[in-house]
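Novice: Sharing a structure, written as structure tokens. Questions coming.
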Amino acid sequence: MKEQPVADTLQLSEADKEDQYVHQVYDEIATHFSDTRFKAWPVIERYLLGLPVGSIGADIGCGNGKYLGVRGSGDIFMVGTDRSKALVGICAQRGFECQVSDGLDLPYRDGAFDFAISIAVIHHFASPERRARAVAEVLRVVRPGGSVLVFAWALEQNGRRKFDPNTQDVLVPWVLPASKAQSSAGHGELTGEGESAQSKVFHRYYHLFRKGELQELFEQVGGCTVIENGYDRDNWYIIAQKI
């Protein structure tokens, strides 16, 4: 039986929930996760290819660095951060400039970049306040007149995942095959009856954004103008310009 998402009923603080059901899980599944992340999504590719030559930007939550190399000609410069040490290691092995950093406390000065992207990251913060802080940090490191692109998982998904429309905070399974399983048990791991004893099932915390919620979050944070919003690859996305 295929593992299904379950409602989040964890009695943990937001920070502990993120640590155990996001950060530690991605460190465990990093290699397998990276193997599944290789093709740029169209909206993100369009955004990156449309940036002026000489632009300097950041990928906040860069994962394996998939988007750091979209402009392979080197006519823009990008750096990446991610909370997962294992994913940053993969990123570095691929020759990208990256470092471990918390999305609520980025290691950059105000207005350091012309642009920033944060793809499928904001939904891992476990409270409205922390999601707002994460958006504010992405905006903080971009100069006035610069732009940001943010993606977050949608509650209303058209793909293979089907979620309860009344449940926005969920634990989504990741099945790590026996061939990829690491020796340590890790956190966020639950037993899956349909999986072999050698496989591991990890659960990642997500807040699923309902239609319009991501734009409302940007409006709440302020300091920017939304210039495009839409739906792509089961995510809601925003392109905003910093004021």
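Every chain in the structure tokens has a letter given in the order shown (A, B, ...), and although residue numbers restart at 1 in each chain, ligands are simply numbered from 1 in the order shown.
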I need the residues of region 32-185 of chain A that end up classed as strand (DSSP E) by DSSP on the backbone, written out as number ranges by chain.

Specialist: A: 56-60, 77-82, 98-100, 113-119, 142-153, 169-176

Novice: Distance table requested - region 125-150 of chain A against region 100-113 of chain A, cut-off 7 Å, only C-alpha atoms: one row per qualifying residue with the closest atom pair and its distance in Å to one decimal, ordered by chain and rising residue number, as a Markdown table.

Specialist:
| residue | atom | partner | partner_atom | distance |
| --- | --- | --- | --- | --- |
| A:Arg133 | CA | A:Leu104 | CA | 6.2 |
| A:Ala134 | CA | A:Leu104 | CA | 5.2 |
| A:Glu137 | CA | A:Leu104 | CA | 6.3 |
| A:Arg140 | CA | A:Asp110 | CA | 5.5 |
| A:Val141 | CA | A:Gly111 | CA | 4.6 |
| A:Val142 | CA | A:Gly111 | CA | 4.3 |
| A:Arg143 | CA | A:Gly111 | CA | 3.8 |

Novice: Create the file for the chosen residues now, containing N, CA and C atoms and written as a PDB file, in the first residue's frame.

Specialist:
ATOM      1  N   ARG A 133       8.354  35.578   8.634  1.00  0.00           N
ATOM      2  CA  ARG A 133       9.762  35.919   8.856  1.00  0.00           C
ATOM      3  C   ARG A 133      10.633  35.422   7.702  1.00  0.00           C
ATOM      4  N   ALA A 134      10.315  34.229   7.182  1.00  0.00           N
ATOM      5  CA  ALA A 134      11.098  33.672   6.071  1.00  0.00           C
ATOM      6  C   ALA A 134      10.945  34.524   4.811  1.00  0.00           C
ATOM      7  N   GLU A 137      12.906  37.716   5.245  1.00  0.00           N
ATOM      8  CA  GLU A 137      14.343  37.528   5.069  1.00  0.00           C
ATOM      9  C   GLU A 137      14.727  37.484   3.589  1.00  0.00           C
ATOM     10  N   ARG A 140      14.609  40.991   2.502  1.00  0.00           N
ATOM     11  CA  ARG A 140      15.635  41.824   3.142  1.00  0.00           C
ATOM     12  C   ARG A 140      16.939  41.833   2.361  1.00  0.00           C
ATOM     13  N   VAL A 141      17.327  40.681   1.831  1.00  0.00           N
ATOM     14  CA  VAL A 141      18.655  40.577   1.209  1.00  0.00           C
ATOM     15  C   VAL A 141      18.677  41.071  -0.231  1.00  0.00           C
ATOM     16  N   VAL A 142      17.531  41.526  -0.746  1.00  0.00           N
ATOM     17  CA  VAL A 142      17.439  42.050  -2.115  1.00  0.00           C
ATOM     18  C   VAL A 142      17.367  43.575  -2.055  1.00  0.00           C
ATOM     19  N   ARG A 143      18.029  44.230  -2.979  1.00  0.00           N
ATOM     20  CA  ARG A 143      18.039  45.699  -3.032  1.00  0.00           C
ATOM     21  C   ARG A 143      16.670  46.231  -3.458  1.00  0.00           C
TER      22      ARG A 143
END

Novice: Closest to Ser84 (chain A) among A:Leu48, A:Val70, A:Val22, A:Pro128, using only C-alpha atoms?

Specialist: A:Val22

Novice: Between A:Ile60, A:Leu171, A:Leu155, A:Ala240, which residue has the minimum interatomic distance to Arg83 (chain A), considering only C-alpha atoms?

Specialist: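 Ranking A:Ile60, A:Leu171, A:Leu155, A:Ala240 by distance to Arg83 (chain A), first place goes to A:Ile60.
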
Novice: Given only C-alpha atoms as the basis, pick out the residue of A:Asn166, A:Asn229, A:Thr36, A:Gln93 nearest to Val150 (chain A).

Specialist: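 Going through A:Asn166, A:Asn229, A:Thr36, A:Gln93 one by one, the smallest distance to Val150 (chain A) is for A:Asn229.
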
Novice: Which residue out of A:Val201, A:Val53, A:Ala30, A:Val221 has the minimum interatomic distance to Glu3 (chain A) when only C-alpha atoms are used?

Specialist: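 Ranking A:Val201, A:Val53, A:Ala30, A:Val221 by distance to Glu3 (chain A), first place goes to A:Val201.
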
Novice: Once DSSP has gone over the backbone, tell me which residues of region 12-206 of chain A are in alpha helix (DSSP H), as number ranges by chain.

Specialist: A: 14-18, 24-35, 42-49, 85-93, 128-140

Novice: Name the residues in contact with region 116-126 of chain A at a cut-off of 7 Å, using only C-alpha atoms, excluding same-chain residues fewer than 2 positions from it; report them as a ChimeraX atom specification.

Specialist: /A:14,18,22,57-61,130-131,134,138,142,147-153,205-208

Novice: Could you please take those selected residues and save N, CA, C and O atoms as an mmCIF file, in the first residue's frame?

Specialist:
data_model
loop_
_atom_site.group_PDB
_atom_site.id
_atom_site.type_symbol
_atom_site.label_atom_id
_atom_site.label_comp_id
_atom_site.auth_asym_id
_atom_site.auth_seq_id
_atom_site.Cartn_x
_atom_site.Cartn_y
_atom_site.Cartn_z
ATOM 1 N N GLU A 14 7.315 24.762 17.171
ATOM 2 C CA GLU A 14 7.558 24.945 15.737
ATOM 3 C C GLU A 14 9.007 24.644 15.374
ATOM 4 O O GLU A 14 9.284 23.972 14.380
ATOM 5 N N GLU A 18 10.307 21.582 12.897
ATOM 6 C CA GLU A 18 11.127 21.816 11.703
ATOM 7 C C GLU A 18 12.443 21.059 11.782
ATOM 8 O O GLU A 18 12.922 20.509 10.782
ATOM 9 N N VAL A 22 11.887 18.224 9.164
ATOM 10 C CA VAL A 22 12.356 18.869 7.937
ATOM 11 C C VAL A 22 13.872 18.739 7.853
ATOM 12 O O VAL A 22 14.394 17.988 7.028
ATOM 13 N N GLY A 57 22.557 37.149 -7.477
ATOM 14 C CA GLY A 57 21.381 36.657 -6.776
ATOM 15 C C GLY A 57 21.665 35.518 -5.834
ATOM 16 O O GLY A 57 22.769 34.958 -5.789
ATOM 17 N N ALA A 58 20.632 35.153 -5.068
ATOM 18 C CA ALA A 58 20.728 34.079 -4.091
ATOM 19 C C ALA A 58 19.579 33.101 -4.275
ATOM 20 O O ALA A 58 18.454 33.499 -4.584
ATOM 21 N N ASP A 59 19.887 31.828 -4.076
ATOM 22 C CA ASP A 59 18.882 30.778 -4.037
ATOM 23 C C ASP A 59 18.770 30.343 -2.586
ATOM 24 O O ASP A 59 19.666 29.691 -2.048
ATOM 25 N N ILE A 60 17.656 30.710 -1.948
ATOM 26 C CA ILE A 60 17.450 30.442 -0.528
ATOM 27 C C ILE A 60 16.723 29.107 -0.388
ATOM 28 O O ILE A 60 15.549 28.990 -0.712
ATOM 29 N N GLY A 61 17.442 28.111 0.106
ATOM 30 C CA GLY A 61 16.923 26.743 0.112
ATOM 31 C C GLY A 61 17.260 26.077 -1.201
ATOM 32 O O GLY A 61 16.404 25.532 -1.888
ATOM 33 N N ARG A 130 6.485 32.332 11.469
ATOM 34 C CA ARG A 130 7.780 31.901 10.928
ATOM 35 C C ARG A 130 7.774 31.962 9.403
ATOM 36 O O ARG A 130 8.792 32.279 8.779
ATOM 37 N N ARG A 131 6.638 31.692 8.780
ATOM 38 C CA ARG A 131 6.559 31.831 7.320
ATOM 39 C C ARG A 131 6.701 33.296 6.921
ATOM 40 O O ARG A 131 7.364 33.614 5.925
ATOM 41 N N ALA A 134 10.315 34.229 7.182
ATOM 42 C CA ALA A 134 11.098 33.672 6.071
ATOM 43 C C ALA A 134 10.945 34.524 4.811
ATOM 44 O O ALA A 134 11.931 34.796 4.108
ATOM 45 N N VAL A 138 13.922 36.814 2.776
ATOM 46 C CA VAL A 138 14.197 36.781 1.335
ATOM 47 C C VAL A 138 14.179 38.200 0.775
ATOM 48 O O VAL A 138 15.061 38.594 -0.001
ATOM 49 N N VAL A 142 17.531 41.526 -0.746
ATOM 50 C CA VAL A 142 17.439 42.050 -2.115
ATOM 51 C C VAL A 142 17.367 43.575 -2.055
ATOM 52 O O VAL A 142 16.715 44.151 -1.191
ATOM 53 N N SER A 147 14.085 41.877 -7.443
ATOM 54 C CA SER A 147 12.898 41.018 -7.453
ATOM 55 C C SER A 147 13.163 39.698 -6.741
ATOM 56 O O SER A 147 14.311 39.282 -6.559
ATOM 57 N N VAL A 148 12.065 39.062 -6.323
ATOM 58 C CA VAL A 148 12.136 37.742 -5.695
ATOM 59 C C VAL A 148 11.097 36.837 -6.340
ATOM 60 O O VAL A 148 10.049 37.301 -6.806
ATOM 61 N N LEU A 149 11.416 35.558 -6.358
ATOM 62 C CA LEU A 149 10.493 34.528 -6.840
ATOM 63 C C LEU A 149 10.376 33.468 -5.754
ATOM 64 O O LEU A 149 11.390 32.904 -5.329
ATOM 65 N N VAL A 150 9.164 33.210 -5.296
ATOM 66 C CA VAL A 150 8.917 32.245 -4.226
ATOM 67 C C VAL A 150 7.858 31.251 -4.673
ATOM 68 O O VAL A 150 6.803 31.648 -5.182
ATOM 69 N N PHE A 151 8.153 29.970 -4.474
ATOM 70 C CA PHE A 151 7.207 28.877 -4.724
ATOM 71 C C PHE A 151 6.866 28.198 -3.406
ATOM 72 O O PHE A 151 7.732 28.058 -2.533
ATOM 73 N N ALA A 152 5.605 27.737 -3.257
ATOM 74 C CA ALA A 152 5.194 26.960 -2.089
ATOM 75 C C ALA A 152 4.106 25.985 -2.511
ATOM 76 O O ALA A 152 3.261 26.301 -3.355
ATOM 77 N N TRP A 153 4.118 24.811 -1.893
ATOM 78 C CA TRP A 153 3.148 23.783 -2.253
ATOM 79 C C TRP A 153 1.718 24.275 -2.091
ATOM 80 O O TRP A 153 1.381 24.948 -1.112
ATOM 81 N N TYR A 205 7.299 17.736 7.323
ATOM 82 C CA TYR A 205 6.228 18.685 7.615
ATOM 83 C C TYR A 205 6.039 19.661 6.449
ATOM 84 O O TYR A 205 7.016 20.215 5.916
ATOM 85 N N TYR A 206 4.765 19.895 6.084
ATOM 86 C CA TYR A 206 4.394 20.893 5.074
ATOM 87 C C TYR A 206 3.185 21.685 5.552
ATOM 88 O O TYR A 206 2.235 21.113 6.120
ATOM 89 N N HIS A 207 3.203 22.975 5.285
ATOM 90 C CA HIS A 207 1.982 23.777 5.333
ATOM 91 C C HIS A 207 1.553 23.982 3.894
ATOM 92 O O HIS A 207 2.286 24.586 3.089
ATOM 93 N N LEU A 208 0.371 23.500 3.539
ATOM 94 C CA LEU A 208 -0.136 23.612 2.173
ATOM 95 C C LEU A 208 -0.872 24.937 2.014
ATOM 96 O O LEU A 208 -1.819 25.225 2.749
#
